[in-house]
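The data block below is upload.pdb; it holds PDB, C-alpha atoms.
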ATOM      1  CA  MET A  23     100.330 126.024  66.428
ATOM      2  CA  ARG A  24      98.645 124.256  69.345
ATOM      3  CA  ARG A  25     100.762 121.702  71.154
ATOM      4  CA  LEU A  26      99.762 118.331  72.499
ATOM      5  CA  MET A  27      99.395 118.255  76.245
ATOM      6  CA  ASN A  28     102.292 116.746  78.132
ATOM      7  CA  PRO A  29     101.862 114.040  79.190
ATOM      8  CA  ALA A  30      99.721 113.193  76.197
ATOM      9  CA  ARG A  31      97.579 110.597  77.961
ATOM     10  CA  ILE A  32      94.361 111.618  79.674
ATOM     11  CA  PHE A  33      93.109 108.708  81.727
ATOM     12  CA  ILE A  34      89.438 107.811  81.649
ATOM     13  CA  ARG A  35      88.467 105.181  84.193
ATOM     14  CA  LYS A  36      85.218 103.856  85.473
ATOM     15  CA  LEU A  37      84.536 105.378  88.889
ATOM     16  CA  HIS A  38      83.963 102.674  91.488
ATOM     17  CA  SER A  39      81.923 103.569  94.556
ATOM     18  CA  VAL A  40      83.109 101.438  97.458
ATOM     19  CA  GLY A  41      81.447 101.058 100.849
ATOM     20  CA  ILE A  42      83.596  99.402 103.532
ATOM     21  CA  ILE A  43      82.180  97.754 106.621
ATOM     22  CA  GLY A  44      84.397  96.171 109.282
ATOM     23  CA  ALA A  45      83.198  93.070 111.126
ATOM     24  CA  PRO A  46      85.688  92.324 113.953
ATOM     25  CA  PHE A  47      84.160  88.973 114.873
ATOM     26  CA  SER A  48      85.972  85.782 115.861
ATOM     27  CA  LYS A  49      83.475  83.421 117.481
ATOM     28  CA  GLY A  50      82.849  81.285 114.416
ATOM     29  CA  GLN A  51      86.202  79.614 115.137
ATOM     30  CA  PRO A  52      88.483  78.982 118.148
ATOM     31  CA  ARG A  53      91.627  81.040 117.468
ATOM     32  CA  GLU A  54      92.189  84.457 119.010
ATOM     33  CA  GLY A  55      93.092  87.429 116.859
ATOM     34  CA  VAL A  56      90.949  87.255 113.737
ATOM     35  CA  HIS A  57      88.756  90.054 115.127
ATOM     36  CA  LEU A  58      91.755  92.338 114.532
ATOM     37  CA  GLY A  59      91.625  91.688 110.789
ATOM     38  CA  PRO A  60      89.589  94.752 109.713
ATOM     39  CA  ASP A  61      91.910  97.236 111.389
ATOM     40  CA  VAL A  62      95.045  95.462 110.158
ATOM     41  CA  ILE A  63      93.762  95.601 106.578
ATOM     42  CA  ARG A  64      92.870  99.276 106.925
ATOM     43  CA  GLY A  65      96.252  99.887 108.521
ATOM     44  CA  ALA A  66      97.916  98.552 105.374
ATOM     45  CA  GLY A  67      96.488 101.546 103.504
ATOM     46  CA  LEU A  68      93.297 100.148 102.000
ATOM     47  CA  VAL A  69      91.206 103.331 101.952
ATOM     48  CA  GLN A  70      94.006 105.619 100.769
ATOM     49  CA  LYS A  71      95.072 103.220  98.028
ATOM     50  CA  LEU A  72      91.504 102.803  96.774
ATOM     51  CA  GLN A  73      91.132 106.570  96.635
ATOM     52  CA  ALA A  74      94.488 106.933  94.854
ATOM     53  CA  GLN A  75      93.274 104.697  92.039
ATOM     54  CA  GLY A  76      90.152 106.799  91.560
ATOM     55  CA  CYS A  77      87.568 105.079  93.756
ATOM     56  CA  ALA A  78      85.011 106.967  95.782
ATOM     57  CA  VAL A  79      85.202 105.379  99.238
ATOM     58  CA  LYS A  80      82.887 105.531 102.219
ATOM     59  CA  ASP A  81      84.172 103.724 105.302
ATOM     60  CA  TYR A  82      81.263 102.848 107.571
ATOM     61  CA  GLY A  83      83.637 101.823 110.358
ATOM     62  CA  ASN A  84      83.460  98.666 112.434
ATOM     63  CA  LEU A  85      80.379  97.012 113.807
ATOM     64  CA  THR A  86      80.306  96.470 117.562
ATOM     65  CA  PHE A  87      79.373  92.955 118.614
ATOM     66  CA  GLU A  88      78.110  92.301 122.111
ATOM     67  CA  ASP A  89      79.015  89.267 124.178
ATOM     68  CA  VAL A  90      76.277  86.665 124.465
ATOM     69  CA  PRO A  91      76.194  85.126 127.964
ATOM     70  CA  GLY A  92      75.300  81.484 128.429
ATOM     71  CA  ASP A  93      76.204  80.597 124.853
ATOM     72  CA  GLU A  94      76.478  76.853 125.436
ATOM     73  CA  PRO A  95      77.014  74.481 122.498
ATOM     74  CA  ILE A  96      74.045  73.217 120.520
ATOM     75  CA  GLY A  97      75.043  69.635 119.842
ATOM     76  CA  ARG A  98      78.615  69.975 118.541
ATOM     77  CA  ASN A  99      78.076  73.532 117.336
ATOM     78  CA  LYS A 100      79.864  76.235 119.280
ATOM     79  CA  ARG A 101      78.815  79.790 120.134
ATOM     80  CA  VAL A 102      75.717  79.520 118.001
ATOM     81  CA  ARG A 103      73.854  82.409 119.620
ATOM     82  CA  ALA A 104      76.747  84.841 119.168
ATOM     83  CA  VAL A 105      77.266  83.829 115.538
ATOM     84  CA  GLY A 106      73.590  84.153 114.683
ATOM     85  CA  LEU A 107      73.244  87.545 116.353
ATOM     86  CA  ALA A 108      76.423  88.954 114.798
ATOM     87  CA  ASN A 109      75.415  87.837 111.334
ATOM     88  CA  LYS A 110      71.983  89.432 111.638
ATOM     89  CA  GLN A 111      73.714  92.683 112.576
ATOM     90  CA  LEU A 112      76.077  92.347 109.614
ATOM     91  CA  ALA A 113      73.246  91.520 107.204
ATOM     92  CA  ASP A 114      71.475  94.735 108.151
ATOM     93  CA  ALA A 115      74.710  96.727 107.732
ATOM     94  CA  VAL A 116      75.498  95.252 104.300
ATOM     95  CA  GLN A 117      71.949  95.980 103.193
ATOM     96  CA  ARG A 118      72.450  99.640 104.166
ATOM     97  CA  VAL A 119      75.719  99.836 102.234
ATOM     98  CA  LYS A 120      74.073  98.360  99.136
ATOM     99  CA  ASN A 121      71.031 100.619  99.436
ATOM    100  CA  ASP A 122      73.427 103.580  99.522
ATOM    101  CA  GLY A 123      74.598 102.531  96.072
ATOM    102  CA  HIS A 124      78.068 101.132  96.836
ATOM    103  CA  THR A 125      79.886  97.947  96.036
ATOM    104  CA  CYS A 126      80.206  96.534  99.542
ATOM    105  CA  VAL A 127      83.546  95.417 100.965
ATOM    106  CA  MET A 128      83.166  93.456 104.193
ATOM    107  CA  LEU A 129      86.383  93.111 106.181
ATOM    108  CA  GLY A 130      86.372  90.149 108.565
ATOM    109  CA  GLY A 131      86.648  88.547 110.989
ATOM    110  CA  ASP A 132      86.115  84.852 110.411
ATOM    111  CA  HIS A 133      84.291  83.274 107.480
ATOM    112  CA  SER A 134      81.096  82.566 109.419
ATOM    113  CA  LEU A 135      80.378  86.230 108.574
ATOM    114  CA  ALA A 136      79.555  85.244 105.007
ATOM    115  CA  ILE A 137      76.141  84.201 106.316
ATOM    116  CA  GLY A 138      75.313  87.821 107.130
ATOM    117  CA  SER A 139      77.197  89.387 104.241
ATOM    118  CA  ILE A 140      75.509  87.291 101.556
ATOM    119  CA  SER A 141      72.117  87.530 103.292
ATOM    120  CA  GLY A 142      72.294  91.330 103.413
ATOM    121  CA  HIS A 143      73.464  91.494  99.816
ATOM    122  CA  ALA A 144      70.705  89.171  98.640
ATOM    123  CA  ALA A 145      68.090  91.284 100.440
ATOM    124  CA  CYS A 146      68.929  94.027  97.907
ATOM    125  CA  ARG A 147      69.918  91.842  94.930
ATOM    126  CA  PRO A 148      67.776  88.695  95.180
ATOM    127  CA  GLU A 149      69.467  86.963  92.227
ATOM    128  CA  LEU A 150      73.147  86.492  93.059
ATOM    129  CA  SER A 151      76.041  84.371  91.924
ATOM    130  CA  VAL A 152      78.763  83.556  94.458
ATOM    131  CA  VAL A 153      82.453  82.953  93.783
ATOM    132  CA  TRP A 154      83.986  81.401  96.897
ATOM    133  CA  VAL A 155      87.790  81.507  96.940
ATOM    134  CA  ASP A 156      89.081  79.374  99.800
ATOM    135  CA  ALA A 157      91.225  76.426 100.784
ATOM    136  CA  HIS A 158      88.086  75.038 102.459
ATOM    137  CA  ALA A 159      84.554  74.459 101.178
ATOM    138  CA  ASP A 160      82.842  75.745 104.366
ATOM    139  CA  ILE A 161      79.735  73.770 103.409
ATOM    140  CA  ASN A 162      79.402  71.395 106.360
ATOM    141  CA  THR A 163      75.937  71.452 107.892
ATOM    142  CA  PRO A 164      75.493  71.678 111.677
ATOM    143  CA  LEU A 165      74.943  67.906 111.607
ATOM    144  CA  THR A 166      78.004  66.975 109.513
ATOM    145  CA  SER A 167      80.566  69.387 110.964
ATOM    146  CA  PRO A 168      83.403  67.457 112.658
ATOM    147  CA  THR A 169      84.424  70.475 114.764
ATOM    148  CA  GLY A 170      81.253  72.465 115.399
ATOM    149  CA  ASN A 171      83.043  75.648 114.296
ATOM    150  CA  ILE A 172      80.547  77.656 112.281
ATOM    151  CA  HIS A 173      83.202  79.275 110.074
ATOM    152  CA  GLY A 174      83.292  75.858 108.387
ATOM    153  CA  GLN A 175      79.527  75.895 107.733
ATOM    154  CA  PRO A 176      78.331  79.245 106.300
ATOM    155  CA  MET A 177      77.440  78.094 102.806
ATOM    156  CA  SER A 178      75.162  75.340 104.106
ATOM    157  CA  TYR A 179      72.826  77.946 105.626
ATOM    158  CA  LEU A 180      72.653  79.894 102.360
ATOM    159  CA  LEU A 181      71.933  77.165  99.802
ATOM    160  CA  HIS A 182      68.347  76.396  98.839
ATOM    161  CA  GLN A 183      69.210  72.729  98.313
ATOM    162  CA  LEU A 184      70.416  72.293 101.922
ATOM    163  CA  HIS A 185      67.557  74.116 103.627
ATOM    164  CA  THR A 186      65.944  70.903 104.916
ATOM    165  CA  LYS A 187      69.252  69.761 106.431
ATOM    166  CA  ILE A 188      69.574  72.719 108.806
ATOM    167  CA  PRO A 189      68.195  72.153 112.332
ATOM    168  CA  VAL A 190      66.509  74.873 114.359
ATOM    169  CA  MET A 191      69.105  76.838 116.335
ATOM    170  CA  PRO A 192      68.816  79.947 118.530
ATOM    171  CA  ASN A 193      69.358  83.286 116.739
ATOM    172  CA  PHE A 194      69.338  81.552 113.344
ATOM    173  CA  SER A 195      65.605  81.743 112.581
ATOM    174  CA  TRP A 196      66.072  84.934 110.518
ATOM    175  CA  ILE A 197      68.336  83.184 108.001
ATOM    176  CA  LYS A 198      66.782  82.211 104.686
ATOM    177  CA  PRO A 199      68.416  80.233 101.883
ATOM    178  CA  ARG A 200      69.587  82.721  99.264
ATOM    179  CA  ILE A 201      71.743  80.891  96.718
ATOM    180  CA  ALA A 202      71.114  78.071  94.252
ATOM    181  CA  ALA A 203      73.822  75.437  93.903
ATOM    182  CA  GLU A 204      74.214  76.208  90.203
ATOM    183  CA  ASP A 205      75.081  79.837  91.038
ATOM    184  CA  LEU A 206      78.052  78.900  93.248
ATOM    185  CA  VAL A 207      81.652  78.292  92.169
ATOM    186  CA  TYR A 208      84.583  77.332  94.400
ATOM    187  CA  ILE A 209      88.201  78.151  93.549
ATOM    188  CA  GLY A 210      91.315  77.000  95.412
ATOM    189  CA  LEU A 211      89.974  74.018  97.372
ATOM    190  CA  ARG A 212      92.570  71.684  98.906
ATOM    191  CA  ASP A 213      91.278  70.744 102.380
ATOM    192  CA  VAL A 214      87.748  69.355 102.057
ATOM    193  CA  ASP A 215      86.083  67.098 104.632
ATOM    194  CA  PRO A 216      84.594  63.805 103.345
ATOM    195  CA  GLU A 217      81.079  65.003 104.212
ATOM    196  CA  GLU A 218      81.673  68.219 102.295
ATOM    197  CA  HIS A 219      82.988  66.283  99.328
ATOM    198  CA  PHE A 220      79.746  64.291  99.282
ATOM    199  CA  ILE A 221      77.629  67.473  99.455
ATOM    200  CA  LEU A 222      79.560  69.130  96.617
ATOM    201  CA  LYS A 223      79.226  66.064  94.370
ATOM    202  CA  HIS A 224      75.600  65.389  95.300
ATOM    203  CA  LEU A 225      74.550  68.967  94.490
ATOM    204  CA  GLY A 226      76.714  69.191  91.372
ATOM    205  CA  ILE A 227      78.467  72.348  92.582
ATOM    206  CA  LYS A 228      81.182  73.680  90.282
ATOM    207  CA  THR A 229      84.556  73.419  91.995
ATOM    208  CA  PHE A 230      88.143  74.127  91.023
ATOM    209  CA  SER A 231      90.521  72.441  93.417
ATOM    210  CA  MET A 232      94.196  73.356  93.385
ATOM    211  CA  THR A 233      94.767  70.212  91.297
ATOM    212  CA  GLU A 234      92.466  71.686  88.647
ATOM    213  CA  VAL A 235      94.092  75.107  88.942
ATOM    214  CA  ASP A 236      97.425  73.400  88.246
ATOM    215  CA  ARG A 237      96.027  71.367  85.361
ATOM    216  CA  LEU A 238      94.030  74.092  83.623
ATOM    217  CA  GLY A 239      95.871  77.265  84.626
ATOM    218  CA  ILE A 240      94.151  80.158  86.359
ATOM    219  CA  ALA A 241      93.118  81.874  83.107
ATOM    220  CA  LYS A 242      91.105  78.843  81.988
ATOM    221  CA  VAL A 243      89.678  78.447  85.504
ATOM    222  CA  MET A 244      88.309  81.982  85.384
ATOM    223  CA  GLU A 245      86.952  81.555  81.864
ATOM    224  CA  GLN A 246      85.115  78.419  82.940
ATOM    225  CA  THR A 247      83.930  80.070  86.163
ATOM    226  CA  CYS A 248      82.268  82.903  84.273
ATOM    227  CA  ASP A 249      80.942  80.591  81.563
ATOM    228  CA  HIS A 250      79.256  78.625  84.328
ATOM    229  CA  ILE A 251      77.729  81.453  86.364
ATOM    230  CA  PHE A 252      76.683  83.419  83.261
ATOM    231  CA  SER A 253      75.343  80.422  81.332
ATOM    232  CA  LYS A 254      71.724  81.558  81.772
ATOM    233  CA  VAL A 255      71.497  85.049  83.230
ATOM    234  CA  LYS A 256      74.239  87.495  84.191
ATOM    235  CA  LYS A 257      73.703  88.000  87.904
ATOM    236  CA  PRO A 258      75.588  90.291  90.286
ATOM    237  CA  ILE A 259      78.648  88.597  91.766
ATOM    238  CA  HIS A 260      79.347  88.192  95.456
ATOM    239  CA  LEU A 261      83.039  87.374  95.876
ATOM    240  CA  SER A 262      83.813  85.712  99.206
ATOM    241  CA  TYR A 263      87.584  85.570  99.565
ATOM    242  CA  ASP A 264      89.262  83.738 102.434
ATOM    243  CA  ILE A 265      92.896  84.829 102.658
ATOM    244  CA  ASP A 266      93.870  81.196 103.303
ATOM    245  CA  ALA A 267      93.129  80.482  99.647
ATOM    246  CA  LEU A 268      96.584  81.951  99.067
ATOM    247  CA  ASP A 269      99.591  79.797  99.813
ATOM    248  CA  PRO A 270     100.978  80.336 103.332
ATOM    249  CA  SER A 271     104.214  81.590 101.773
ATOM    250  CA  VAL A 272     102.164  84.592 100.596
ATOM    251  CA  ALA A 273      99.637  84.977 103.423
ATOM    252  CA  PRO A 274     100.841  83.160 106.543
ATOM    253  CA  ALA A 275      98.900  85.141 109.165
ATOM    254  CA  THR A 276      95.645  83.194 109.044
ATOM    255  CA  GLY A 277      93.964  80.655 111.289
ATOM    256  CA  THR A 278      93.891  77.535 109.113
ATOM    257  CA  PRO A 279      96.713  77.771 106.539
ATOM    258  CA  VAL A 280      97.068  74.919 104.038
ATOM    259  CA  VAL A 281     100.183  74.475 101.939
ATOM    260  CA  GLY A 282      99.936  74.271  98.161
ATOM    261  CA  GLY A 283      97.633  77.243  97.684
ATOM    262  CA  LEU A 284      97.187  79.975  95.121
ATOM    263  CA  SER A 285     100.237  82.030  94.271
ATOM    264  CA  TYR A 286     100.078  85.798  94.614
ATOM    265  CA  ARG A 287      99.711  86.069  90.831
ATOM    266  CA  GLU A 288      96.912  83.507  90.671
ATOM    267  CA  GLY A 289      95.078  85.139  93.563
ATOM    268  CA  ILE A 290      95.270  88.570  91.960
ATOM    269  CA  TYR A 291      94.248  87.236  88.541
ATOM    270  CA  ILE A 292      90.958  86.048  90.044
ATOM    271  CA  THR A 293      90.048  89.512  91.298
ATOM    272  CA  GLU A 294      91.229  91.237  88.124
ATOM    273  CA  TYR A 295      89.094  88.916  86.013
ATOM    274  CA  ILE A 296      85.983  89.391  88.141
ATOM    275  CA  CYS A 297      86.464  93.166  88.038
ATOM    276  CA  GLN A 298      86.485  93.039  84.248
ATOM    277  CA  THR A 299      83.045  91.405  84.172
ATOM    278  CA  GLY A 300      81.549  94.655  85.493
ATOM    279  CA  LEU A 301      79.235  92.604  87.708
ATOM    280  CA  LEU A 302      81.064  92.603  91.033
ATOM    281  CA  SER A 303      78.590  93.773  93.666
ATOM    282  CA  ALA A 304      80.102  92.758  97.022
ATOM    283  CA  VAL A 305      83.357  91.388  98.415
ATOM    284  CA  ASP A 306      84.212  89.570 101.633
ATOM    285  CA  MET A 307      87.857  89.592 102.741
ATOM    286  CA  VAL A 308      88.146  87.333 105.769
ATOM    287  CA  GLU A 309      90.411  85.307 108.068
ATOM    288  CA  VAL A 310      93.346  87.720 108.269
ATOM    289  CA  ASN A 311      94.631  86.989 111.770
ATOM    290  CA  PRO A 312      97.657  89.013 112.920
ATOM    291  CA  LYS A 313      98.128  86.824 115.994
ATOM    292  CA  ARG A 314      98.878  83.847 113.746
ATOM    293  CA  GLY A 315     101.853  85.518 112.105
ATOM    294  CA  GLN A 316     105.284  84.599 113.425
ATOM    295  CA  ASP A 317     106.524  88.181 113.172
ATOM    296  CA  GLU A 318     105.631  91.605 111.808
ATOM    297  CA  ALA A 319     106.823  90.649 108.333
ATOM    298  CA  GLU A 320     104.327  87.781 108.124
ATOM    299  CA  VAL A 321     101.485  89.976 109.361
ATOM    300  CA  GLY A 322     102.488  92.720 106.949
ATOM    301  CA  SER A 323     102.670  90.435 103.923
ATOM    302  CA  THR A 324      99.246  88.951 104.711
ATOM    303  CA  ALA A 325      97.626  92.370 105.159
ATOM    304  CA  SER A 326      99.301  93.677 101.999
ATOM    305  CA  ALA A 327      98.034  90.693 100.028
ATOM    306  CA  ALA A 328      94.493  91.358 101.281
ATOM    307  CA  VAL A 329      94.744  95.012 100.250
ATOM    308  CA  ASP A 330      96.109  94.122  96.808
ATOM    309  CA  LEU A 331      93.280  91.650  96.227
ATOM    310  CA  ILE A 332      90.702  94.315  97.056
ATOM    311  CA  LEU A 333      92.432  96.936  94.897
ATOM    312  CA  SER A 334      92.308  94.555  91.956
ATOM    313  CA  CYS A 335      88.571  94.132  92.501
ATOM    314  CA  PHE A 336      88.244  97.825  91.680
ATOM    315  CA  GLY A 337      90.369  98.312  88.619
ATOM    316  CA  ARG A 338      94.010  98.123  89.586
ATOM    317  CA  VAL A 339      95.962  96.341  86.858
ATOM    318  CA  ARG A 340      99.534  95.153  87.182
ATOM    319  CA  GLU A 341     100.734  96.212  83.747
ATOM    320  CA  GLY A 342      99.675  99.831  84.223
ATOM    321  CA  SER A 343      96.815 101.437  82.357
ATOM    322  CA  HIS A 344      95.188  99.631  79.484
ATOM    323  CA  PRO A 345      95.270 101.462  76.133
ATOM    324  CA  ALA A 346      91.483 101.746  76.274
ATOM    325  CA  ASP A 347      91.829 103.822  79.446
ATOM    326  CA  TYR A 348      93.305 106.855  77.738
ATOM    327  CA  LYS A 349      93.075 108.968  74.630
ATOM    328  CA  ILE A 350      95.405 111.344  72.821
ATOM    329  CA  PRO A 351      93.980 114.847  72.950
ATOM    330  CA  GLU A 352      93.202 116.551  69.691
ATOM    331  CA  PRO A 353      95.647 119.352  68.709
TER     332      PRO A 353
END
File written out as structure tokens:
Amino acid sequence: MRRLMNPARIFIRKLHSVGIIGAPFSKGQPREGVHLGPDVIRGAGLVQKLQAQGCAVKDYGNLTFEDVPGDEPIGRNKRVRAVGLANKQLADAVQRVKNDGHTCVMLGGDHSLAIGSISGHAACRPELSVVWVDAHADINTPLTSPTGNIHGQPMSYLLHQLHTKIPVMPNFSWIKPRIAAEDLVYIGLRDVDPEEHFILKHLGIKTFSMTEVDRLGIAKVMEQTCDHIFSKVKKPIHLSYDIDALDPSVAPATGTPVVGGLSYREGIYITEYICQTGLLSAVDMVEVNPKRGQDEAEVGSTASAAVDLILSCFGRVREGSHPADYKIPEP
């Protein structure tokens, strides 16, 4: 008599092919340390843990960004030339990762890098939807920004509907609008400038503030998110995840923490849900800043949260394997 194999479960999982690109860039904002984010996230075991859950991983390493001398402000906007040049470099790198057939994971660096990440992605997948998980809307234009920090502006450069509101700036001429307002959803907002609030309402952009997360629950938020972005055509998803979307009790080592954010469970549920759509095509994980942690424990918890979010983008589930992932061998 033939015996069942022990253990009796043979796991069958979708193989995810992941391409990682590090972007150690900090000049979209004023705080030192965010350029260390890619190596801190890798140091928390990202590549090994992805491989352990069955992913094929190619790490393309870190980009090298050169200093730009004479980078004086343009109006209120700071370090414009460096930001534009770095994002062009990142766009080309993301395009290579996508052309190699991988789901791209961009490790930042500050959130101004979304300009290059989404631009490079859209060069390969012209029809994209974007899920932007963040405490901040990052949709100020160069003319409305109260600070001039470009990490608070990236989405304004990418939206078709704001194209006429963007002035000419050095090293930004290569940027083209890539995203329609109806293909963008925000989750986790709780620190939005008045000008941004006007833009979001005027363009009818779908947003889920933390008030709405509390009212609806994260499961309903994700259902409504996907109902919205898939209402016409199912497009590849670009997930742009700022670690400050999480509450500072979970991820304190970041440049602009805002209390009252997503819990660890809510943050992970977002990535699990998007993974299950089968349409995730690129991920940004940005604003991990080890110099903003009070001690090693705060840096470690922030890096671990970033790693866990990425793992959940590629099939890790908290309850263990789903019954559909295995079969009982025939005797």
Exercise for the section: Provide the atom CA of Tyr295 of chain A to atom CA of Met244 of chain A distance in Å, to one decimal place. Expected result: 7.0 Å
Enumerate, in order of chain and increasing residue number, the residues of segment 55-135 of chain A with an atom no farther than 10 Å from segment 165-181 of chain A, each with its shortest atom pair and distance in Å to one decimal, counting all atoms listed in the file, as JSON lines.
{"residue": "A:Pro95", "atom": "CA", "partner": "A:Gly170", "partner_atom": "CA", "distance": 8.5}
{"residue": "A:Ile96", "atom": "CA", "partner": "A:Gly170", "partner_atom": "CA", "distance": 8.9}
{"residue": "A:Gly97", "atom": "CA", "partner": "A:Gly170", "partner_atom": "CA", "distance": 8.1}
{"residue": "A:Arg98", "atom": "CA", "partner": "A:Gly170", "partner_atom": "CA", "distance": 4.8}
{"residue": "A:Asn99", "atom": "CA", "partner": "A:Gly170", "partner_atom": "CA", "distance": 3.9}
{"residue": "A:Lys100", "atom": "CA", "partner": "A:Gly170", "partner_atom": "CA", "distance": 5.6}
{"residue": "A:Arg101", "atom": "CA", "partner": "A:Asn171", "partner_atom": "CA", "distance": 8.3}
{"residue": "A:Val102", "atom": "CA", "partner": "A:Ile172", "partner_atom": "CA", "distance": 7.7}
{"residue": "A:Val105", "atom": "CA", "partner": "A:Ile172", "partner_atom": "CA", "distance": 7.7}
{"residue": "A:Gly106", "atom": "CA", "partner": "A:Ile172", "partner_atom": "CA", "distance": 9.8}
{"residue": "A:Gly131", "atom": "CA", "partner": "A:His173", "partner_atom": "CA", "distance": 9.9}
{"residue": "A:Asp132", "atom": "CA", "partner": "A:His173", "partner_atom": "CA", "distance": 6.3}
{"residue": "A:His133", "atom": "CA", "partner": "A:His173", "partner_atom": "CA", "distance": 4.9}
{"residue": "A:Ser134", "atom": "CA", "partner": "A:His173", "partner_atom": "CA", "distance": 4.0}
{"residue": "A:Leu135", "atom": "CA", "partner": "A:Pro176", "partner_atom": "CA", "distance": 7.6}
Completion exercise
One residue among A:Ala202, A:Ile221, A:Leu184, A:Ala328 is nearest to Gly65 of chain A when using only C-alpha atoms, and that residue is A:Ala328
Practice task
Let me know the residues the PyMOL selection byres ((chain A and resi 139) around 9) catches in the file above, as a list in words.
Solution key: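 Applying the PyMOL selection byres ((chain A and resi 139) around 9) to the structure shown produces Asn109, Leu112, Ala113, Asp114, Ala115, Val116, Gln117, Met128, Leu135, Ala136, Ile137, Gly138, Ile140, Ser141, Gly142, His143, Ala144, Ala304, Val305 and Asp306 of chain A.
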Exercise for the section: Quick one: everything within 10 Å of Val190 of chain A, counting only C-alpha atoms, minus sequence neighbours fewer than 3 positions away in the same chain. Send it as an MDAnalysis selection string. Expected result: chainID A and resid 96 164 187 193:195
May I have the selected residues written with C-alpha atoms, as an mmCIF file, in the frame of the given file?
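Contents of the output file result07.cif:
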data_model
loop_
_atom_site.group_PDB
_atom_site.id
_atom_site.type_symbol
_atom_site.label_atom_id
_atom_site.label_comp_id
_atom_site.auth_asym_id
_atom_site.auth_seq_id
_atom_site.Cartn_x
_atom_site.Cartn_y
_atom_site.Cartn_z
ATOM 1 C CA ILE A 96 74.045 73.217 120.520
ATOM 2 C CA PRO A 164 75.493 71.678 111.677
ATOM 3 C CA LYS A 187 69.252 69.761 106.431
ATOM 4 C CA ASN A 193 69.358 83.286 116.739
ATOM 5 C CA PHE A 194 69.338 81.552 113.344
ATOM 6 C CA SER A 195 65.605 81.743 112.581
#
Reference answer for the PyMOL selection byres ((chain A and resi 334-342) around 6), as a compact mmCIF listing (two decimals) with C-alpha atoms, keeping the file's coordinate frame:
# COMPACT_ATOMS: atom_id res chain seq x y z
CA THR A 293 90.05 89.51 91.30
CA GLU A 294 91.23 91.24 88.12
CA CYS A 297 86.46 93.17 88.04
CA LEU A 331 93.28 91.65 96.23
CA ILE A 332 90.70 94.32 97.06
CA LEU A 333 92.43 96.94 94.90
CA SER A 343 96.82 101.44 82.36
Exercise for the section: Find, counting all atoms listed in the file, the residue in A:Val40, A:Leu211, A:Ala267, A:Val119 that gets nearest to Gln75 of chain A. Expected result: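 Closest to Gln75 of chain A of all the choices is A:Val40.
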Practice task
Using atom CA of His219 of chain A and atom CA of His158 of chain A as the two end points, give the distance in Å to one decimal.
Solution key: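 Separation of atom CA of His219 of chain A and atom CA of His158 of chain A: 10.6 Å.
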Around all of segment 58-62 of chain A's listed atoms, make the axis-aligned box with 8 Å on each side and tell me centre and edge lengths in Å to one decimal, as AutoDock Vina command-line options.
--center_x 92.3 --center_y 94.5 --center_z 112.1 --size_x 21.5 --size_y 21.5 --size_z 20.8
Practice task
Write out as a ChimeraX atom specification the residues lying within 12 Å of segment 251-259 of chain A, counting all atoms listed in the file and excluding same-chain residues fewer than 3 positions away.
Solution key: /A:125-126,140,143-144,146-154,201-208,227-229,244-248,262,293,295-306,335
Practice task
Would you mind listing what lies within 10 Å of Leu58 of chain A as a list in words, with only C-alpha atoms counted and same-chain residues fewer than 3 positions away left out?
Solution key: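 Using only C-alpha atoms, the neighbours found are Gly44, Ala45, Pro46, Phe47, Ser48, Glu54, Gly55, Asp61, Val62, Ile63, Leu129, Gly130, Gly131, Glu309, Val310, Asn311, Pro312 and Lys313 of chain A.
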Practice task
Give me, please, the distance in Å between atom CA of Ala319 of chain A and atom CA of Pro270 of chain A, quoted to one decimal.
Solution key: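 That distance, rounded to one decimal, is 12.9 Å.
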I need the residue set behind the PyMOL selection byres ((chain A and resi 87-91) around 9) for this file; please write it as a PDB file with C-alpha atoms, in the frame of the given file.
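Here's the written file result-v2.pdb:
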ATOM      1  CA  ALA A  45      83.198  93.070 111.126  1.00  0.00           C
ATOM      2  CA  PRO A  46      85.688  92.324 113.953  1.00  0.00           C
ATOM      3  CA  PHE A  47      84.160  88.973 114.873  1.00  0.00           C
ATOM      4  CA  LEU A  85      80.379  97.012 113.807  1.00  0.00           C
ATOM      5  CA  THR A  86      80.306  96.470 117.562  1.00  0.00           C
ATOM      6  CA  GLY A  92      75.300  81.484 128.429  1.00  0.00           C
ATOM      7  CA  ASP A  93      76.204  80.597 124.853  1.00  0.00           C
ATOM      8  CA  GLU A  94      76.478  76.853 125.436  1.00  0.00           C
ATOM      9  CA  ARG A 101      78.815  79.790 120.134  1.00  0.00           C
ATOM     10  CA  ARG A 103      73.854  82.409 119.620  1.00  0.00           C
ATOM     11  CA  ALA A 104      76.747  84.841 119.168  1.00  0.00           C
ATOM     12  CA  LEU A 107      73.244  87.545 116.353  1.00  0.00           C
ATOM     13  CA  ALA A 108      76.423  88.954 114.798  1.00  0.00           C
ATOM     14  CA  GLN A 111      73.714  92.683 112.576  1.00  0.00           C
TER      15      GLN A 111
END
Exercise for the section: Give the answer as one residue: which of A:Val235, A:Leu261, A:Ala159, A:Ile197 has the shortest atom-to-atom distance to Leu222 of chain A, using only C-alpha atoms? Expected result: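 The shortest atom-to-atom distance to Leu222 of chain A comes from A:Ala159.
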Fill in the blank from the handout: Nearest to Val56 of chain A, restricted to all atoms listed in the file and choosing among A:Met307, A:Glu318, A:Asn162, A:Lys110, comes out as A:Met307
Practice task
Identify which of the residues A:Ala325, A:Val127, A:Leu268, A:Ala145 lies closest to Ser285 of chain A, counting all atoms listed in the file when measuring atom-to-atom distances.
Solution key: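 For Ser285 of chain A, the nearest of the candidates is A:Leu268.
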Practice task
Excluding Val280 of chain A and any residue of its chain fewer than 3 positions from it, enumerate the residues within 8 Å of it, using all atoms listed in the file, and give them as a list in words.
Solution key: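 Residues near the query, excluding close chain neighbours: Ala157, Arg212, Asp213, Asp266, Asp269, Pro270 and Gly283 of chain A.
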